[in-house]
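Below is one structure, written out as structure tokens; comments come after it.
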Amino acid sequence: MGVRIGRELTGVEERRRVVVEKVTPAVDGGRYPIKRTVGEDVVVEADVFADGHDCVGVALLFRRDGELEWHETPMTGLTNDRWQASFQTAELGRYVYTVIGWVDHFQTWRQGFIKKIDAGQAVLVEILEGVRLIDAASQRAPGVEGQSLKEWADRLKSSAESERRRIEQVLDQNLAVVMAKYPDRRFATQYERELGVVVDREKARFSAWYEMFPRSCSQEGTHGTFRECEARLPYIASMGFDVLYVPPIHPIGITHRKGKNNVPTAGLDDPGSPWGIGSSDGGHEAIHQQLGTAKDFRRFLEKARSFGIEIALDLAFQCSPDHPYVTQHREWFKVRSDGTVQYAENPPKKYQDIVPLDFETDQWDPLWQELKRVVIHWIEQGVRIFRVDNPHTKPFRFWEWLIHEIRVDYPDVMFLAEAFTRPKVMYRLAKLGFTQSYTYFAWRSSKADLTEYFTELTQSELHEYFRPNLWPNTPDILTEELQQGGRPAFMARLVLASTLGASYGIYGPAFELCENRPLKEGSEEYLNSEKYEIKQWNIERDDSLKEFIGLVNRIRRENPALHSNERLHFHRTDHEQLICYSKSTADRSNVIVVVVNLSPHHTHSGWVFLDLDSLGLDVQHPFQVQDLLSNVSYRWDGSRNYVELNPHSVPAHIFLVRRWLRREQDFDYYT
């Protein structure tokens, strides 16, 4: 006799014959939610099967988090016991979904019945067995449909009906449809987890960011104001950006303030780094007096919205030694043995003007609540996007808690993680709730590196939760490629960032003015970095890339294929300096092919070999490609086609693919 282990047997669990497993999408087995934007579909698949040869019924269950009732849609069998269905994310917030499976006794009986009919066997007993199943379903079905099933069963039992007529009624497809709605689920198996999906607004998926220091907006070289920032908005809007990110706008500390080019001692007129937050004028809720007032800031937000631009505020949870927190809440900081508060270090770098918060403090709860209060303060001012500075230097649990707490009441709020760190740390932050993430794009320059990296980002599990935001430059990052490649490199990197990713950003006006002077050889720091001084930018320079940037952003807006990271496909070229890739909408009504010369110094030519199937093209018919950068069109035949790109004019093609009509002798086509 066996020994009973564990819980008492109830008879229900033991009679569940269906297995539901390998439900996708699921991040870490469902520990973390996937991400979608409003209106996108969640395509769910699962392995569902039972013992023996009985038919299985499978349904996808989904609901908004907090709803009591499930919505349900039947799943369709694929191959090898794999099932699929989808639901649409119609609202902001969080949804949950799962899969349920059961033995479908009626469908099993019906299939056997058809086989016996085809074999010419007697089926009277089988009809009576079907009546039993229909009678039972009539008890489960409500109202009219329940009565209809009862009448169906009565007709099948009636001796007045001929056997032929009863067979016809059994095989009536309408009966099968109604019976499928009311199966016997007493012993159904539901997947062991409810999986989550966080639904953001469209800008989480598709956005163009521009970074600007407000204090450098004055054309006189003096400290800029929010009113002067307003004057810069038409310029930013003309380039097609819809998010304007501003570094910290708070008071800046004086103690250990950094001088020009990050020297340890500041001069009397040096403004300091905006990331050295806090002074006697206030901390994270205060505004630098020279920028303006809270009223001026709210006016700036409204003015930006009138241009179709949202302001993203820097969220840097760190302090200057002069921050009010340091004196009012000394327990929130690490105090060294000499009694001084520990400043930030990343050896050999020293940040004497910044003291980090101690998240291991015994007073962690008041600290967490205070930082949440800071975020809510700026939300109440009208901010809905935060670029978070160095989130990887704060605990994962803190971010998971904070983002969840904020999004319960403000589901439209977005968080961009500025974390240039180890891949697994970056991915963990995305799992915890960060809406978008910085990437390694700035340092991926070869065809092999770009292909490998973006294949990983878009064709692995990462695409379910990690939304890349591609930046070719930042105030901290001036890559060797931009230093050495000049204007052609800036143009090529812009095309790559804006078309490989649905979201991207640039740090301007440094980018459009091709600022590429490093602090010293081998450094990625800018000479005369704007982080430590007020800059006076001539945004009207004749050699500015502003027109080119505006054209690229217009192309992005007008082509839905570029609004998503889905369906990125790399195509072979016969030259290592030429990279080719495509994006398309799900129905292939919009197909974009991009070719970029990765060398900023030399003209390169070669052949591209398109995967025509991925583009929905017929190898037997020619097609047209229109270069949206030059407005020149070409007729291409087959997969192998020639390109030549001079980096000193335009180092890239952004082709709109158009299929030809049947008449090859003219230029009629459809888009």
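By order in the structure tokens, chains are A, B, ...; within a chain, residues start at 1; ligands start at 1, following the order shown.
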Legend entry - range 382-392 of chain A surroundings by only C-alpha atoms, 6 Å radius, close-in-sequence under 6 positions cut, as number ranges by chain: A: 312-316, 413-419
Give me the residues of range 472-568 of chain A that have any atom at most 12 Å from an atom of range 449-453 of chain A; for each, the nearest atom pair and the distance in Å, rounded to one decimal. Use only C-alpha atoms, sort by chain and number, and format it as a Markdown table.
```
| residue | atom | partner | partner_atom | distance |
| --- | --- | --- | --- | --- |
| A:Arg493 | CA | A:Leu450 | CA | 11.5 |
| A:Leu496 | CA | A:Leu450 | CA | 9.4 |
| A:Ala497 | CA | A:Leu450 | CA | 10.8 |
| A:Leu500 | CA | A:Leu450 | CA | 9.3 |
| A:Gly501 | CA | A:Leu450 | CA | 11.7 |
| A:Leu568 | CA | A:Thr451 | CA | 10.3 |
```
Take the selection from the previous step and output its residues with N, CA, C and O atoms, as a short mmCIF file (atom, residue, chain, number, x, y, z; two decimals), in the first residue's frame.
```cif
data_model
loop_
_atom_site.label_atom_id
_atom_site.label_comp_id
_atom_site.auth_asym_id
_atom_site.auth_seq_id
_atom_site.Cartn_x
_atom_site.Cartn_y
_atom_site.Cartn_z
N ARG A 493 25.25 58.06 -37.58
CA ARG A 493 24.77 57.59 -36.28
C ARG A 493 23.33 58.04 -36.02
O ARG A 493 22.56 57.34 -35.36
N LEU A 496 21.13 55.57 -37.95
CA LEU A 496 21.12 54.29 -37.26
C LEU A 496 20.24 54.34 -36.01
O LEU A 496 19.39 53.48 -35.79
N ALA A 497 20.44 55.37 -35.19
CA ALA A 497 19.68 55.47 -33.94
C ALA A 497 18.19 55.61 -34.20
O ALA A 497 17.37 54.99 -33.53
N LEU A 500 16.99 52.05 -36.32
CA LEU A 500 17.14 50.78 -35.61
C LEU A 500 16.21 50.74 -34.40
O LEU A 500 15.68 49.68 -34.05
N GLY A 501 16.00 51.88 -33.77
CA GLY A 501 15.15 51.93 -32.59
C GLY A 501 13.93 52.80 -32.82
O GLY A 501 13.99 53.81 -33.52
N LEU A 568 12.29 43.89 -37.06
CA LEU A 568 13.60 44.35 -37.54
C LEU A 568 14.31 43.15 -38.16
O LEU A 568 14.44 42.11 -37.52
#
```
Inset, instruction - Skip range 243-258 of chain A itself and residues of its chain fewer than 5 positions away, then list as number ranges by chain all residues within 8 Å of it, counting only C-alpha atoms. - result: A: 207-214, 263-266, 270-279, 281-289, 291, 309-316, 320-323, 352-353, 387, 532
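Comparing A:Arg330, A:Lys424, A:Lys350, A:His571 by their smallest distance to Lys447 in chain A, the closest is A:His571 (using only C-alpha atoms).
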Legend entry - Which residue of A:Tyr97, A:Phe297, A:Phe466, A:Phe441 approaches Thr479 in chain A most closely, using only C-alpha atoms: A:Phe441
Legend entry - Distance query Asn346 in chain A at most 12 Å, only C-alpha atoms, self and fewer than 5 positions along chain excluded, as number ranges by chain: A: 351-352, 354, 356, 393
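Restricting the calculation to only C-alpha atoms, the smallest distance between Ser446 in chain A and any of A:Gln84, A:Thr458, A:Thr421, A:Ser599 is found for A:Ser599.
The closest residue to Cys580 in chain A, picked from A:Glu530, A:Val495, A:Ser633, A:Trp332 and counting only C-alpha atoms, is A:Val495.
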Inset, instruction - Tell me, as number ranges by chain, which residues lie within 9 Å of range 513-516 of chain A, counting only C-alpha atoms; anything in the same chain fewer than 5 positions away does not count. - result: A: 478-480, 482-487, 490, 508, 526-527, 537-539, 541, 543-546
Please write the residues from the selection above to a file, keeping N, CA, C and O atoms, as a PDB file, in the first residue's frame.
```pdb
ATOM      1  N   LEU A 478      31.064  61.153 -25.567  1.00  0.00           N
ATOM      2  CA  LEU A 478      31.501  61.595 -26.890  1.00  0.00           C
ATOM      3  C   LEU A 478      32.410  60.491 -27.416  1.00  0.00           C
ATOM      4  O   LEU A 478      33.599  60.432 -27.097  1.00  0.00           O
ATOM      5  N   THR A 479      31.851  59.597 -28.198  1.00  0.00           N
ATOM      6  CA  THR A 479      32.591  58.403 -28.605  1.00  0.00           C
ATOM      7  C   THR A 479      33.730  58.746 -29.558  1.00  0.00           C
ATOM      8  O   THR A 479      33.726  59.789 -30.233  1.00  0.00           O
ATOM      9  N   GLU A 480      34.678  57.831 -29.622  1.00  0.00           N
ATOM     10  CA  GLU A 480      35.806  58.009 -30.540  1.00  0.00           C
ATOM     11  C   GLU A 480      35.318  58.114 -31.979  1.00  0.00           C
ATOM     12  O   GLU A 480      35.881  58.859 -32.784  1.00  0.00           O
ATOM     13  N   LEU A 482      32.586  59.538 -33.119  1.00  0.00           N
ATOM     14  CA  LEU A 482      32.171  60.916 -33.389  1.00  0.00           C
ATOM     15  C   LEU A 482      33.365  61.862 -33.368  1.00  0.00           C
ATOM     16  O   LEU A 482      33.415  62.823 -34.155  1.00  0.00           O
ATOM     17  N   GLN A 483      34.327  61.612 -32.493  1.00  0.00           N
ATOM     18  CA  GLN A 483      35.522  62.459 -32.443  1.00  0.00           C
ATOM     19  C   GLN A 483      36.300  62.411 -33.755  1.00  0.00           C
ATOM     20  O   GLN A 483      36.763  63.441 -34.253  1.00  0.00           O
ATOM     21  N   GLN A 484      36.415  61.214 -34.325  1.00  0.00           N
ATOM     22  CA  GLN A 484      37.250  61.035 -35.514  1.00  0.00           C
ATOM     23  C   GLN A 484      36.476  61.178 -36.819  1.00  0.00           C
ATOM     24  O   GLN A 484      37.057  61.503 -37.855  1.00  0.00           O
ATOM     25  N   GLY A 485      35.167  60.945 -36.785  1.00  0.00           N
ATOM     26  CA  GLY A 485      34.401  60.876 -38.032  1.00  0.00           C
ATOM     27  C   GLY A 485      33.753  62.160 -38.485  1.00  0.00           C
ATOM     28  O   GLY A 485      33.292  62.263 -39.623  1.00  0.00           O
ATOM     29  N   GLY A 486      33.667  63.138 -37.589  1.00  0.00           N
ATOM     30  CA  GLY A 486      33.104  64.418 -37.981  1.00  0.00           C
ATOM     31  C   GLY A 486      31.660  64.334 -38.447  1.00  0.00           C
ATOM     32  O   GLY A 486      30.908  63.431 -38.063  1.00  0.00           O
ATOM     33  N   ARG A 487      31.275  65.279 -39.292  1.00  0.00           N
ATOM     34  CA  ARG A 487      29.890  65.403 -39.744  1.00  0.00           C
ATOM     35  C   ARG A 487      29.323  64.109 -40.333  1.00  0.00           C
ATOM     36  O   ARG A 487      28.201  63.719 -39.995  1.00  0.00           O
ATOM     37  N   PHE A 490      28.270  61.827 -37.524  1.00  0.00           N
ATOM     38  CA  PHE A 490      27.055  62.285 -36.853  1.00  0.00           C
ATOM     39  C   PHE A 490      25.820  61.940 -37.671  1.00  0.00           C
ATOM     40  O   PHE A 490      24.799  61.498 -37.125  1.00  0.00           O
ATOM     41  N   GLY A 508      21.730  67.902 -27.541  1.00  0.00           N
ATOM     42  CA  GLY A 508      21.962  69.056 -28.382  1.00  0.00           C
ATOM     43  C   GLY A 508      22.149  70.323 -27.558  1.00  0.00           C
ATOM     44  O   GLY A 508      21.951  70.320 -26.340  1.00  0.00           O
ATOM     45  N   TYR A 526      33.689  65.767 -23.065  1.00  0.00           N
ATOM     46  CA  TYR A 526      33.810  66.919 -23.946  1.00  0.00           C
ATOM     47  C   TYR A 526      34.810  67.924 -23.376  1.00  0.00           C
ATOM     48  O   TYR A 526      34.882  68.125 -22.155  1.00  0.00           O
ATOM     49  N   LEU A 527      35.552  68.562 -24.260  1.00  0.00           N
ATOM     50  CA  LEU A 527      36.331  69.722 -23.862  1.00  0.00           C
ATOM     51  C   LEU A 527      35.353  70.851 -23.557  1.00  0.00           C
ATOM     52  O   LEU A 527      34.418  71.093 -24.323  1.00  0.00           O
ATOM     53  N   TRP A 537      25.440  78.650 -27.506  1.00  0.00           N
ATOM     54  CA  TRP A 537      25.383  77.893 -28.754  1.00  0.00           C
ATOM     55  C   TRP A 537      24.822  78.764 -29.877  1.00  0.00           C
ATOM     56  O   TRP A 537      23.813  79.431 -29.697  1.00  0.00           O
ATOM     57  N   ASN A 538      25.461  78.713 -31.023  1.00  0.00           N
ATOM     58  CA  ASN A 538      24.941  79.398 -32.212  1.00  0.00           C
ATOM     59  C   ASN A 538      24.109  78.393 -33.002  1.00  0.00           C
ATOM     60  O   ASN A 538      24.613  77.700 -33.888  1.00  0.00           O
ATOM     61  N   ILE A 539      22.825  78.295 -32.670  1.00  0.00           N
ATOM     62  CA  ILE A 539      21.978  77.271 -33.291  1.00  0.00           C
ATOM     63  C   ILE A 539      21.618  77.595 -34.737  1.00  0.00           C
ATOM     64  O   ILE A 539      21.011  76.763 -35.419  1.00  0.00           O
ATOM     65  N   ARG A 541      23.898  78.265 -37.065  1.00  0.00           N
ATOM     66  CA  ARG A 541      25.076  78.042 -37.912  1.00  0.00           C
ATOM     67  C   ARG A 541      24.700  77.351 -39.211  1.00  0.00           C
ATOM     68  O   ARG A 541      23.852  76.451 -39.242  1.00  0.00           O
ATOM     69  N   ASP A 543      26.285  75.232 -40.965  1.00  0.00           N
ATOM     70  CA  ASP A 543      26.677  73.824 -41.072  1.00  0.00           C
ATOM     71  C   ASP A 543      25.900  72.930 -40.099  1.00  0.00           C
ATOM     72  O   ASP A 543      26.240  71.758 -39.920  1.00  0.00           O
ATOM     73  N   SER A 544      24.870  73.447 -39.470  1.00  0.00           N
ATOM     74  CA  SER A 544      24.080  72.658 -38.525  1.00  0.00           C
ATOM     75  C   SER A 544      23.354  71.524 -39.242  1.00  0.00           C
ATOM     76  O   SER A 544      22.945  71.657 -40.403  1.00  0.00           O
ATOM     77  N   LEU A 545      23.168  70.442 -38.531  1.00  0.00           N
ATOM     78  CA  LEU A 545      22.421  69.295 -39.066  1.00  0.00           C
ATOM     79  C   LEU A 545      20.923  69.396 -38.795  1.00  0.00           C
ATOM     80  O   LEU A 545      20.192  68.424 -38.998  1.00  0.00           O
ATOM     81  N   LYS A 546      20.448  70.537 -38.355  1.00  0.00           N
ATOM     82  CA  LYS A 546      19.046  70.643 -37.937  1.00  0.00           C
ATOM     83  C   LYS A 546      18.082  70.279 -39.060  1.00  0.00           C
ATOM     84  O   LYS A 546      17.049  69.628 -38.813  1.00  0.00           O
TER      85      LYS A 546
END
```
Inset, instruction - Please report, as a ChimeraX atom specification, each residue of range 80-245 of chain A to which DSSP assigns strand (DSSP E) when run on this structure's backbone. - result: /A:82-88,93-103,189-190,195-200,207-211,243-245
